[in-house]
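S.K.: I am attaching a structure below and will ask some questions about it afterwards.
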Amino acid sequence: MDEGQLGAIFQSVQLADATLVVKLKRAYGQGNEILMERLSRYLRVRIPQLGEIRDDSGDDCYIY
(Lines give C-alpha, C1' and ligand atoms only; values in the text may rest on other atoms or scores of the structure.)
Protein backbone atom coordinates (compact mmCIF):
# COMPACT_ATOMS: atom_id res chain seq x y z
CA MET A 1 0.00 0.00 0.00
CA ASP A 2 1.41 3.38 -1.08
CA GLU A 3 -0.90 5.74 0.82
CA GLY A 4 0.94 8.74 2.18
CA GLN A 5 3.71 8.47 -0.43
CA LEU A 6 4.11 11.17 -3.09
CA GLY A 7 4.74 8.50 -5.73
CA ALA A 8 1.27 7.10 -5.08
CA ILE A 9 -0.36 10.33 -6.27
CA PHE A 10 2.01 12.03 -8.71
CA GLN A 11 3.29 10.61 -11.97
CA SER A 12 5.68 13.55 -12.29
CA VAL A 13 6.44 16.92 -10.74
CA GLN A 14 8.71 19.35 -12.59
CA LEU A 15 9.78 22.92 -12.01
CA ALA A 16 10.20 25.00 -15.17
CA ASP A 17 11.23 28.60 -14.40
CA ALA A 18 8.59 29.70 -11.86
CA THR A 19 6.00 27.14 -13.00
CA LEU A 20 5.35 23.86 -11.20
CA VAL A 21 4.04 21.26 -13.68
CA VAL A 22 2.21 18.36 -12.03
CA LYS A 23 0.85 15.13 -13.54
CA LEU A 24 -1.31 12.95 -11.34
CA LYS A 25 -1.05 9.17 -11.70
CA ARG A 26 -4.76 8.62 -12.15
CA ALA A 27 -7.91 10.63 -12.47
CA TYR A 28 -9.57 11.34 -9.15
CA GLY A 29 -12.62 12.87 -10.82
CA GLN A 30 -13.67 16.05 -9.07
CA GLY A 31 -11.12 15.12 -6.40
CA ASN A 32 -8.40 16.26 -8.84
CA GLU A 33 -9.61 19.82 -8.58
CA ILE A 34 -9.85 19.71 -4.78
CA LEU A 35 -6.40 18.14 -4.45
CA MET A 36 -4.81 20.68 -6.78
CA GLU A 37 -6.51 23.64 -5.06
CA ARG A 38 -5.22 22.47 -1.67
CA LEU A 39 -1.75 21.87 -3.05
CA SER A 40 -1.77 25.31 -4.67
CA ARG A 41 -2.78 27.08 -1.44
CA TYR A 42 -0.19 25.13 0.58
CA LEU A 43 2.68 25.82 -1.81
CA ARG A 44 1.86 29.49 -2.42
CA VAL A 45 2.11 30.21 1.32
CA ARG A 46 5.42 28.38 1.63
CA ILE A 47 6.96 29.30 -1.75
CA PRO A 48 5.72 32.78 -2.72
CA GLN A 49 8.14 32.91 -5.70
CA LEU A 50 6.11 30.19 -7.43
CA GLY A 51 4.45 31.78 -10.45
CA GLU A 52 1.84 29.17 -11.32
CA ILE A 53 0.96 25.54 -10.72
CA ARG A 54 -0.13 23.65 -13.82
CA ASP A 55 -2.00 20.32 -13.82
CA ASP A 56 -1.19 18.41 -17.01
CA SER A 57 -2.87 15.18 -15.86
CA GLY A 58 -5.81 14.98 -18.22
CA ASP A 59 -6.76 16.06 -21.69
CA ASP A 60 -7.03 19.67 -20.53
CA CYS A 61 -4.40 21.72 -18.76
CA TYR A 62 -5.50 23.60 -15.65
CA ILE A 63 -3.61 26.47 -14.04
CA TYR A 64 -4.02 27.17 -10.33
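Each chain of the C-alpha coordinates is named A, B, ... in the order shown, its residues numbered from 1; ligands are numbered from 1 in display order.
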Any idea what's packed within 8 Å of Lys23 in chain A, counting only C-alpha atoms, ignoring anything in its chain fewer than 6 positions away? Could you give it as a list of chain:residue names?
M.R.: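 After dropping sequence-adjacent residues, the list is A:Phe10, A:Gln11, A:Ser12, A:Val13, A:Asp55, A:Asp56, A:Ser57.
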S.K.: Take the residues from that selection and write them out as a tab-separated table (two decimals), in the first residue's frame, keeping N, CA and C atoms.
M.R.:
```
chain	number	residue	atom	x	y	z
A	10	PHE	N	1.45	11.28	-7.59
A	10	PHE	CA	2.01	12.03	-8.71
A	10	PHE	C	2.81	11.15	-9.66
A	11	GLN	N	2.49	11.28	-10.94
A	11	GLN	CA	3.29	10.61	-11.97
A	11	GLN	C	4.59	11.38	-12.17
A	12	SER	N	4.48	12.71	-12.18
A	12	SER	CA	5.68	13.55	-12.29
A	12	SER	C	5.41	14.93	-11.72
A	13	VAL	N	6.47	15.55	-11.23
A	13	VAL	CA	6.44	16.92	-10.74
A	13	VAL	C	7.71	17.57	-11.25
A	55	ASP	N	-1.63	21.73	-13.87
A	55	ASP	CA	-2.00	20.32	-13.82
A	55	ASP	C	-2.14	19.81	-15.24
A	56	ASP	N	-1.19	18.97	-15.66
A	56	ASP	CA	-1.19	18.41	-17.01
A	56	ASP	C	-1.68	16.95	-17.01
A	57	SER	N	-2.48	16.58	-16.03
A	57	SER	CA	-2.87	15.18	-15.86
A	57	SER	C	-3.82	14.67	-16.93
```
S.K.: Restricting the calculation to only C-alpha atoms, which member of A:Val45, A:Ile34, A:Ile53, A:Leu24 is positioned closest to Ile9 in chain A?
M.R.: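 Among A:Val45, A:Ile34, A:Ile53, A:Leu24, it is A:Leu24 that comes nearest to Ile9 in chain A.
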S.K.: Would you kindly return, as a ChimeraX atom specification, each protein, DNA or RNA residue with an atom no farther than 12 Å from any atom of Asp17 in chain A, considering only C-alpha atoms and excluding same-chain residues fewer than 4 positions away?
M.R.: /A:21,49-53
S.K.: Go ahead and write the residues just picked, N, CA, C and O atoms, as a CSV table (one decimal), in the first residue's frame.
M.R.:
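Writing the result to out39.csv gives the following:
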```
chain,number,residue,atom,x,y,z
A,21,VAL,N,4.9,22.1,-12.8
A,21,VAL,CA,4.0,21.3,-13.7
A,21,VAL,C,3.8,19.9,-13.0
A,21,VAL,O,4.8,19.2,-12.7
A,49,GLN,N,7.5,32.6,-4.4
A,49,GLN,CA,8.1,32.9,-5.7
A,49,GLN,C,7.5,32.1,-6.8
A,49,GLN,O,7.7,32.3,-8.0
A,50,LEU,N,6.7,31.1,-6.5
A,50,LEU,CA,6.1,30.2,-7.4
A,50,LEU,C,5.1,31.0,-8.3
A,50,LEU,O,4.2,31.6,-7.7
A,51,GLY,N,5.3,31.0,-9.6
A,51,GLY,CA,4.4,31.8,-10.4
A,51,GLY,C,3.1,31.1,-10.7
A,51,GLY,O,2.1,31.7,-10.4
A,52,GLU,N,3.1,29.9,-11.1
A,52,GLU,CA,1.8,29.2,-11.3
A,52,GLU,C,2.1,27.7,-11.1
A,52,GLU,O,3.2,27.2,-11.1
A,53,ILE,N,0.9,27.0,-10.9
A,53,ILE,CA,1.0,25.5,-10.7
A,53,ILE,C,0.0,25.0,-11.8
A,53,ILE,O,-1.1,25.4,-11.9
```
